[in-house]
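**Student:** Enclosed is the structure file input_26.cif (mmCIF, C-alpha atoms).
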```
data_input
loop_
_atom_site.label_atom_id
_atom_site.label_comp_id
_atom_site.auth_asym_id
_atom_site.auth_seq_id
_atom_site.Cartn_x
_atom_site.Cartn_y
_atom_site.Cartn_z
CA MET A 474 6.45 28.14 -2.15
CA LYS A 475 6.69 25.29 0.37
CA ASN A 476 10.19 23.98 1.04
CA PRO A 477 10.10 20.25 0.03
CA TYR A 478 12.91 19.47 2.48
CA PHE A 479 11.08 20.91 5.48
CA PRO A 480 9.07 18.29 7.42
CA ILE A 481 5.63 18.79 8.93
CA PRO A 482 5.62 18.22 12.72
CA MET A 483 3.42 15.26 13.68
CA ARG A 484 2.45 13.67 17.00
CA VAL A 485 2.33 9.90 17.56
CA LYS A 486 -1.31 9.33 18.46
CA ARG A 487 -1.17 5.56 18.97
CA THR A 488 0.88 2.51 18.01
CA SER A 489 -0.07 -1.14 17.63
CA VAL A 490 1.76 -4.38 16.83
CA GLU A 491 0.32 -6.08 13.73
CA THR A 492 2.09 -9.45 13.58
CA THR A 493 3.08 -12.26 15.92
CA ASP A 494 6.77 -11.80 15.12
CA GLN A 495 6.40 -8.14 16.23
CA MET A 496 8.27 -6.97 13.13
CA LEU A 497 5.34 -4.95 11.78
CA ARG A 498 3.89 -2.06 13.73
CA THR A 499 1.26 0.51 12.73
CA ILE A 500 1.68 4.05 13.97
CA GLU A 501 -1.05 6.65 13.75
CA LEU A 502 0.06 10.27 13.49
CA SER A 503 -1.92 13.43 14.17
CA PHE A 504 -1.12 16.93 12.92
CA LEU A 505 0.29 19.42 15.40
CA ASN A 506 -0.84 22.42 13.34
CA GLU A 507 -4.36 22.84 12.01
CA GLU A 508 -3.12 24.65 8.87
CA ASP A 509 -0.92 21.65 8.00
CA LYS A 510 -3.90 19.35 8.42
CA ARG A 511 -6.08 21.48 6.13
CA ALA A 512 -3.36 21.66 3.47
CA PHE A 513 -2.60 17.92 3.43
CA HIS A 514 -4.47 16.10 0.65
CA PHE A 515 -3.54 12.69 -0.73
CA ILE A 516 -4.85 9.78 -2.77
CA PRO A 517 -4.35 6.05 -2.11
CA GLY A 518 -0.95 4.84 -3.29
CA GLN A 519 1.01 7.93 -2.29
CA PHE A 520 3.77 7.82 0.32
CA CYS A 521 5.50 10.05 2.86
CA GLU A 522 8.97 10.43 4.32
CA LEU A 523 8.98 10.00 8.10
CA SER A 524 11.89 11.36 10.12
CA VAL A 525 13.09 10.76 13.67
CA LEU A 526 15.45 13.34 15.12
CA GLY A 527 18.99 11.98 15.30
CA LYS A 528 18.15 8.83 13.33
CA GLY A 529 17.22 9.97 9.80
CA GLU A 530 14.23 9.54 7.54
CA ALA A 531 12.69 6.80 5.40
CA PRO A 532 9.75 6.47 2.97
CA PHE A 533 6.51 4.66 3.83
CA GLY A 534 3.26 4.18 1.93
CA ILE A 535 0.18 5.74 3.52
CA ALA A 536 -2.00 2.98 4.94
CA SER A 537 -4.95 5.17 5.87
CA SER A 538 -7.62 6.31 3.43
CA PRO A 539 -8.23 9.98 2.54
CA THR A 540 -11.76 9.40 3.86
CA GLU A 541 -10.39 8.69 7.35
CA ASN A 542 -9.96 12.28 8.45
CA GLY A 543 -7.77 13.60 11.20
CA SER A 544 -4.76 11.30 11.23
CA LEU A 545 -2.40 9.26 9.05
CA LYS A 546 -1.48 5.60 9.47
CA PHE A 547 1.76 3.90 8.46
CA THR A 548 2.62 0.23 8.89
CA ILE A 549 6.36 -0.15 9.37
CA ASN A 550 8.61 -3.18 8.98
CA LYS A 551 11.47 -3.19 11.47
CA ALA A 552 14.54 -3.37 9.23
CA GLY A 553 17.05 -0.57 9.95
CA VAL A 554 17.93 2.43 12.09
CA VAL A 555 14.91 4.61 11.26
CA THR A 556 12.37 1.77 11.30
CA THR A 557 13.73 0.48 14.61
CA ALA A 558 13.43 3.97 16.10
CA LEU A 559 9.82 4.17 14.88
CA HIS A 560 9.10 0.76 16.41
CA HIS A 561 10.34 1.97 19.79
CA ILE A 562 8.74 5.40 19.64
CA GLU A 563 6.26 6.23 22.38
CA GLU A 564 2.79 7.67 22.05
CA GLY A 565 2.93 11.44 22.34
CA ALA A 566 6.38 11.72 20.75
CA GLU A 567 6.98 14.04 17.80
CA VAL A 568 8.18 12.97 14.33
CA GLY A 569 8.62 14.78 11.03
CA LEU A 570 6.67 14.09 7.85
CA ARG A 571 7.32 15.11 4.23
CA GLY A 572 4.60 14.50 1.71
CA PRO A 573 2.36 13.40 0.23
CA LEU A 574 4.74 12.20 -2.49
CA GLY A 575 4.33 10.23 -5.70
CA ASN A 576 1.39 9.82 -8.04
CA GLY A 577 -0.88 7.30 -6.28
CA TYR A 578 -3.39 4.94 -7.87
CA PRO A 579 -5.41 6.26 -10.86
CA ILE A 580 -8.70 6.54 -8.97
CA THR A 581 -10.61 8.23 -11.80
CA LEU A 582 -9.68 5.44 -14.25
CA PHE A 583 -11.20 2.87 -11.90
CA GLU A 584 -14.57 4.60 -11.70
CA GLY A 585 -17.35 2.55 -13.26
CA LYS A 586 -15.10 -0.53 -13.49
CA ASN A 587 -14.48 -3.70 -11.49
CA ILE A 588 -11.39 -3.69 -9.27
CA LEU A 589 -9.11 -6.64 -8.58
CA VAL A 590 -6.69 -5.96 -5.71
CA ILE A 591 -3.79 -8.39 -5.23
CA GLY A 592 -1.52 -7.96 -2.22
CA GLY A 593 1.23 -9.80 -0.41
CA GLY A 594 3.04 -9.28 2.88
CA PHE A 595 3.39 -5.85 4.42
CA ALA A 596 3.06 -4.21 0.98
CA PHE A 597 -0.68 -4.45 1.62
CA THR A 598 -0.53 -1.00 3.26
CA THR A 599 -1.39 1.25 0.29
CA LEU A 600 -3.81 -1.39 -1.00
CA ARG A 601 -5.60 -1.15 2.33
CA SER A 602 -5.85 2.60 1.68
CA LEU A 603 -7.38 1.95 -1.76
CA ILE A 604 -9.88 -0.63 -0.48
CA ALA A 605 -10.97 1.50 2.48
CA PHE A 606 -11.42 4.47 0.13
CA PHE A 607 -13.84 2.64 -2.17
CA LEU A 608 -15.69 0.92 0.71
CA GLN A 609 -16.68 4.27 2.18
CA PRO A 610 -20.44 4.80 1.61
CA GLN A 611 -19.86 7.97 -0.41
CA ASN A 612 -17.45 6.15 -2.75
CA ARG A 613 -18.77 2.58 -2.97
CA ASN A 614 -20.95 3.28 -6.01
CA LYS A 615 -17.98 4.71 -7.93
CA VAL A 616 -16.74 1.20 -8.77
CA LYS A 617 -18.55 -2.07 -9.43
CA ASP A 618 -17.24 -5.37 -8.07
CA ILE A 619 -14.30 -5.34 -5.68
CA THR A 620 -12.25 -8.54 -5.43
CA VAL A 621 -9.31 -8.75 -3.03
CA ILE A 622 -6.70 -11.53 -2.95
CA TYR A 623 -4.30 -11.08 -0.05
CA GLY A 624 -1.59 -13.42 1.19
CA ALA A 625 1.12 -13.69 3.81
CA ARG A 626 3.71 -16.33 4.66
CA MET A 627 1.75 -17.51 7.71
CA PRO A 628 -1.44 -16.50 9.59
CA GLY A 629 0.40 -14.50 12.25
CA LEU A 630 1.89 -12.24 9.58
CA LEU A 631 -1.41 -11.05 8.13
CA LEU A 632 -2.06 -7.31 8.57
CA TYR A 633 -5.23 -5.60 9.79
CA LYS A 634 -6.77 -8.87 11.03
CA GLU A 635 -9.84 -7.27 12.63
CA GLU A 636 -10.54 -5.28 9.50
CA LEU A 637 -10.20 -8.39 7.34
CA LYS A 638 -12.87 -10.05 9.49
CA GLU A 639 -15.19 -7.08 8.92
CA TRP A 640 -14.61 -7.17 5.16
CA GLU A 641 -15.41 -10.89 5.09
CA LYS A 642 -18.85 -10.12 6.54
CA ARG A 643 -19.70 -7.63 3.79
CA ASP A 644 -21.60 -8.59 0.66
CA ASP A 645 -20.14 -5.79 -1.48
CA ILE A 646 -16.56 -7.10 -1.53
CA LYS A 647 -15.11 -10.54 -2.30
CA LEU A 648 -12.14 -11.21 -0.03
CA VAL A 649 -9.81 -14.20 -0.48
CA VAL A 650 -7.10 -14.53 2.17
CA THR A 651 -4.34 -17.11 1.79
CA VAL A 652 -1.12 -18.11 3.56
CA ASP A 653 1.93 -20.00 2.34
CA TRP A 654 1.88 -22.23 5.44
CA GLY A 655 -1.08 -22.72 7.74
CA ASP A 656 -1.10 -23.69 11.42
CA LYS A 657 -3.41 -25.76 13.59
CA ASP A 658 -5.84 -22.83 13.96
CA TRP A 659 -5.91 -21.80 10.30
CA ASN A 660 -9.05 -22.80 8.38
CA GLY A 661 -8.53 -20.59 5.33
CA LYS A 662 -6.75 -21.07 2.03
CA VAL A 663 -3.18 -22.29 1.81
CA GLY A 664 -1.24 -21.40 -1.32
CA LEU A 665 0.92 -18.79 -2.99
CA VAL A 666 -0.87 -15.65 -4.16
CA PRO A 667 -0.23 -16.21 -7.93
CA ASN A 668 -1.63 -19.75 -7.68
CA VAL A 669 -4.67 -18.59 -5.73
CA LEU A 670 -5.26 -15.90 -8.36
CA GLU A 671 -5.27 -18.63 -11.00
CA GLU A 672 -7.73 -20.65 -8.91
CA VAL A 673 -10.10 -17.74 -8.25
CA ALA A 674 -9.82 -16.73 -11.95
CA PRO A 675 -11.57 -13.32 -11.78
CA SER A 676 -12.92 -12.01 -15.06
CA SER A 677 -10.81 -9.43 -16.88
CA GLU A 678 -13.86 -7.88 -18.50
CA ASN A 679 -14.20 -4.24 -17.53
CA THR A 680 -11.68 -4.84 -14.72
CA TYR A 681 -8.53 -3.11 -13.49
CA ALA A 682 -5.96 -5.10 -11.51
CA VAL A 683 -3.80 -3.48 -8.84
CA ILE A 684 -0.83 -5.40 -7.40
CA CYS A 685 1.51 -4.61 -4.54
CA GLY A 686 3.75 -7.09 -2.79
CA PRO A 687 7.22 -8.65 -2.73
CA PRO A 688 8.99 -8.40 -6.11
CA ILE A 689 8.98 -12.20 -6.49
CA MET A 690 5.21 -12.29 -5.99
CA ILE A 691 4.68 -9.53 -8.53
CA LYS A 692 6.96 -11.29 -11.01
CA PHE A 693 4.88 -14.47 -10.96
CA THR A 694 1.53 -12.67 -10.78
CA PHE A 695 1.95 -10.81 -14.08
CA PRO A 696 1.90 -14.01 -16.21
CA LYS A 697 -1.22 -15.23 -14.38
CA LEU A 698 -2.99 -11.97 -15.24
CA MET A 699 -1.85 -12.30 -18.84
CA ALA A 700 -3.38 -15.78 -18.95
CA LEU A 701 -6.64 -14.30 -17.63
CA GLN A 702 -6.63 -11.86 -20.56
CA PHE A 703 -5.89 -8.70 -18.60
CA PRO A 704 -4.42 -6.13 -21.03
CA ASN A 705 -1.16 -4.48 -19.97
CA GLU A 706 -2.76 -1.04 -19.66
CA ARG A 707 -5.26 -2.33 -17.08
CA ILE A 708 -2.66 -3.76 -14.70
CA TYR A 709 -1.12 -1.39 -12.15
CA THR A 710 1.59 -1.95 -9.56
CA SER A 711 3.58 0.13 -7.11
CA LEU A 712 7.37 0.25 -7.01
CA GLU A 713 7.42 1.91 -3.61
CA LYS A 714 10.35 -0.25 -2.47
CA ARG A 715 12.58 1.93 -4.68
CA MET A 716 11.70 5.15 -2.86
CA LYS A 717 14.61 7.20 -1.51
CA CYS A 718 14.51 11.02 -1.19
CA GLY A 719 11.01 11.34 -2.62
CA ILE A 720 11.60 14.48 -4.70
CA GLY A 721 13.86 13.32 -7.55
CA LYS A 722 17.11 14.80 -6.25
CA CYS A 723 19.21 11.84 -5.13
CA GLY A 724 18.85 9.88 -8.39
CA ARG A 725 18.71 6.50 -6.63
CA CYS A 726 15.22 5.49 -7.73
CA ASN A 727 15.45 6.09 -11.48
CA ILE A 728 14.50 3.42 -14.02
CA GLY A 729 15.64 4.50 -17.44
CA HIS A 730 14.54 8.12 -17.88
CA LEU A 731 11.91 7.99 -15.10
CA TYR A 732 12.20 8.81 -11.41
CA VAL A 733 10.03 6.40 -9.46
CA CYS A 734 9.47 8.92 -6.66
CA LYS A 735 8.11 11.58 -9.04
CA ASP A 736 6.75 9.67 -12.05
CA GLY A 737 5.53 6.82 -9.82
CA PRO A 738 5.59 4.86 -7.65
CA VAL A 739 2.45 3.59 -9.39
CA PHE A 740 2.91 2.39 -12.98
CA SER A 741 0.87 0.38 -15.42
CA TYR A 742 2.38 -2.82 -16.72
CA ASP A 743 2.25 -1.21 -20.16
CA GLN A 744 4.62 1.52 -18.90
CA LEU A 745 6.95 -0.97 -17.23
CA GLU A 746 7.26 -3.06 -20.38
CA LYS A 747 8.87 -0.07 -22.11
CA LEU A 748 11.47 0.45 -19.37
CA PRO A 749 14.72 -1.35 -18.51
CA LYS A 750 14.03 -4.39 -16.31
CA ASP A 751 15.64 -2.74 -13.28
CA TYR A 752 12.54 -3.02 -11.12
#
```
Show me the file's structure as structure tokens.
**Tutor:**
Amino acid sequence: MKNPYFPIPMRVKRTSVETTDQMLRTIELSFLNEEDKRAFHFIPGQFCELSVLGKGEAPFGIASSPTENGSLKFTINKAGVVTTALHHIEEGAEVGLRGPLGNGYPITLFEGKNILVIGGGFAFTTLRSLIAFFLQPQNRNKVKDITVIYGARMPGLLLYKEELKEWEKRDDIKLVVTVDWGDKDWNGKVGLVPNVLEEVAPSSENTYAVICGPPIMIKFTFPKLMALQFPNERIYTSLEKRMKCGIGKCGRCNIGHLYVCKDGPVFSYDQLEKLPKDY
């Protein structure tokens, strides 16, 4: 039986700065051992614990799709000791990885349905994984319409800018990108994500909604989905910000009787309505 505390050795393949404030960086990791690579299977929405020797470890959602074989991507916000170490790490360095952890998005439930993806800020990471998964040619016919509403505070803080441009060119996905404040070069939408959702007004018929973003964004997005007649059981969100040890031992992520790291981090709004409002 695999020791859940023992990390997999990974090599930093490449790093890239995502935002103009340089607070968000994507690192791509490759497996050192072929047997670890073969044994690692995940679904969009799951997360991993990354560790840097002498600094500690922290949880991060997987930004890459399972269809992108060979490496794993994580987009990291510079906020503390571990994240700062990961921001300064050099290509070729070794880090530890525990995972995949958590339940991920209910992919099989989405099959044959329309998908509405709503994201904000750097929480767009696991949503990027979900979108990339269903846009792969072998998976695109598993779902019907894909609508994506994604927002950031300002244009320079948008993630995956080149990929967003490619998605905008496609005719099999509807992408709406918005910012809270534009600049002189911004020609797109300006507005908060919940308000843009109300404006776009996607149909709730045969549609699942998936939300991930700042808690305040999620809080004000739920009522907008209610107004659009989305039933609670067809709204999903991730509580990945509550992740700690990842294996239900530290007790710091629990909400009521559930451990977010083991029973989540993905929950339906129907599940959340039955829990204490600690999230």
**Student:** Given the file shown, determine the residues that the PyMOL selection byres ((chain A and resi 645) around 9) selects; report them as a PyMOL selection string.
**Tutor:** chain A and resi 608+613+617-619+640+643-644+646-647
**Student:** Given the selection you just returned, output its residues as a file containing C-alpha atoms, formatted as a PDB file, in the frame of the given file.
**Tutor:**
```
ATOM      1  CA  LEU A 608     -15.690   0.920   0.710  1.00  0.00           C
ATOM      2  CA  ARG A 613     -18.770   2.580  -2.970  1.00  0.00           C
ATOM      3  CA  LYS A 617     -18.550  -2.070  -9.430  1.00  0.00           C
ATOM      4  CA  ASP A 618     -17.240  -5.370  -8.070  1.00  0.00           C
ATOM      5  CA  ILE A 619     -14.300  -5.340  -5.680  1.00  0.00           C
ATOM      6  CA  TRP A 640     -14.610  -7.170   5.160  1.00  0.00           C
ATOM      7  CA  ARG A 643     -19.700  -7.630   3.790  1.00  0.00           C
ATOM      8  CA  ASP A 644     -21.600  -8.590   0.660  1.00  0.00           C
ATOM      9  CA  ILE A 646     -16.560  -7.100  -1.530  1.00  0.00           C
ATOM     10  CA  LYS A 647     -15.110 -10.540  -2.300  1.00  0.00           C
TER      11      LYS A 647
END
```
**Student:** Out of A:Phe740, A:Trp654, A:Phe504, A:Phe695, which residue has the shortest atom-to-atom distance to Val568 (chain A) when counting only C-alpha atoms?
**Tutor:**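 Nearest candidate to Val568 (chain A) out of A:Phe740, A:Trp654, A:Phe504, A:Phe695: A:Phe504.
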**Student:** I'd like to know which of A:Thr540, A:Ile591, A:Ser676, A:Met699 is closest to Pro610 (chain A), using all atoms listed in the file.
**Tutor:**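 Among A:Thr540, A:Ile591, A:Ser676, A:Met699, it is A:Thr540 that comes nearest to Pro610 (chain A).
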**Student:** The PyMOL selection byres ((chain A and resi 602-605) around 10) on the file shown: which residues, as a ChimeraX atom specification?
**Tutor:** /A:516-519,534-541,546,577-578,580,588,590,597-601,606-609,612-613,619-621,636,640,646,683
**Student:** With all atoms listed in the file as the basis for distance, which of A:Glu746, A:Asp736, A:Glu584, A:Glu713 is at the shortest distance from Glu522 (chain A)?
**Tutor:**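 Closest to Glu522 (chain A), using all atoms listed in the file: A:Glu713.
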**Student:** Quick one: distance from CA of Gly592 (chain A) to CA of Gly686 (chain A) in Å, one decimal?
**Tutor:**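 So the two atoms, CA of Gly592 (chain A) and CA of Gly686 (chain A), lie 5.4 Å apart.
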**Student:** Which residues are near Met690 (chain A)? Cut-off 10 Å, only C-alpha atoms, ignore same chain within fewer than 2 positions. Put them as a list in words.
**Tutor:**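 So, after excluding close chain neighbours, the residues are Ile591, Gly592, Gly593, Gly594, Gly624, Leu665, Val666, Pro667, Ile684, Cys685, Gly686, Pro687, Pro688, Lys692, Phe693, Thr694 and Phe695 of chain A.
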**Student:** Pick out the closest residue to Asn476 (chain A) from this set: A:Ser677, A:Ile720, A:Lys657, A:Thr556. Count all atoms listed in the file.
**Tutor:** A:Ile720
**Student:** By how many Å are CA of Pro738 (chain A) and CA of Phe547 (chain A) apart?
**Tutor:**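 Distance between the two atoms: 16.6 Å.
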**Student:** Expressed in Å to a single decimal, how great is the separation between CA of Leu748 (chain A) and CA of Lys697 (chain A)?
**Tutor:**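 Separation between CA of Leu748 (chain A) and CA of Lys697 (chain A): 20.8 Å.
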**Student:** Which residue, A:Ile549, A:Ile500, A:Ile481, A:Leu698, has the smallest gap to Gly569 (chain A) when you use all atoms listed in the file?
**Tutor:** A:Ile481
**Student:** Can you spell out as an MDAnalysis selection string the set of residues that the PyMOL selection byres ((chain A and resi 655) around 12) selects in the structure I just provided?
**Tutor:** chainID A and resid 624:631 650:654 656:665
**Student:** May I ask which of the residues A:Ser489, A:Val649, A:Glu530, A:Asp509 is the closest one to Glu672 (chain A), counting only C-alpha atoms?
**Tutor:**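 Among A:Ser489, A:Val649, A:Glu530, A:Asp509, it is A:Val649 that comes nearest to Glu672 (chain A).
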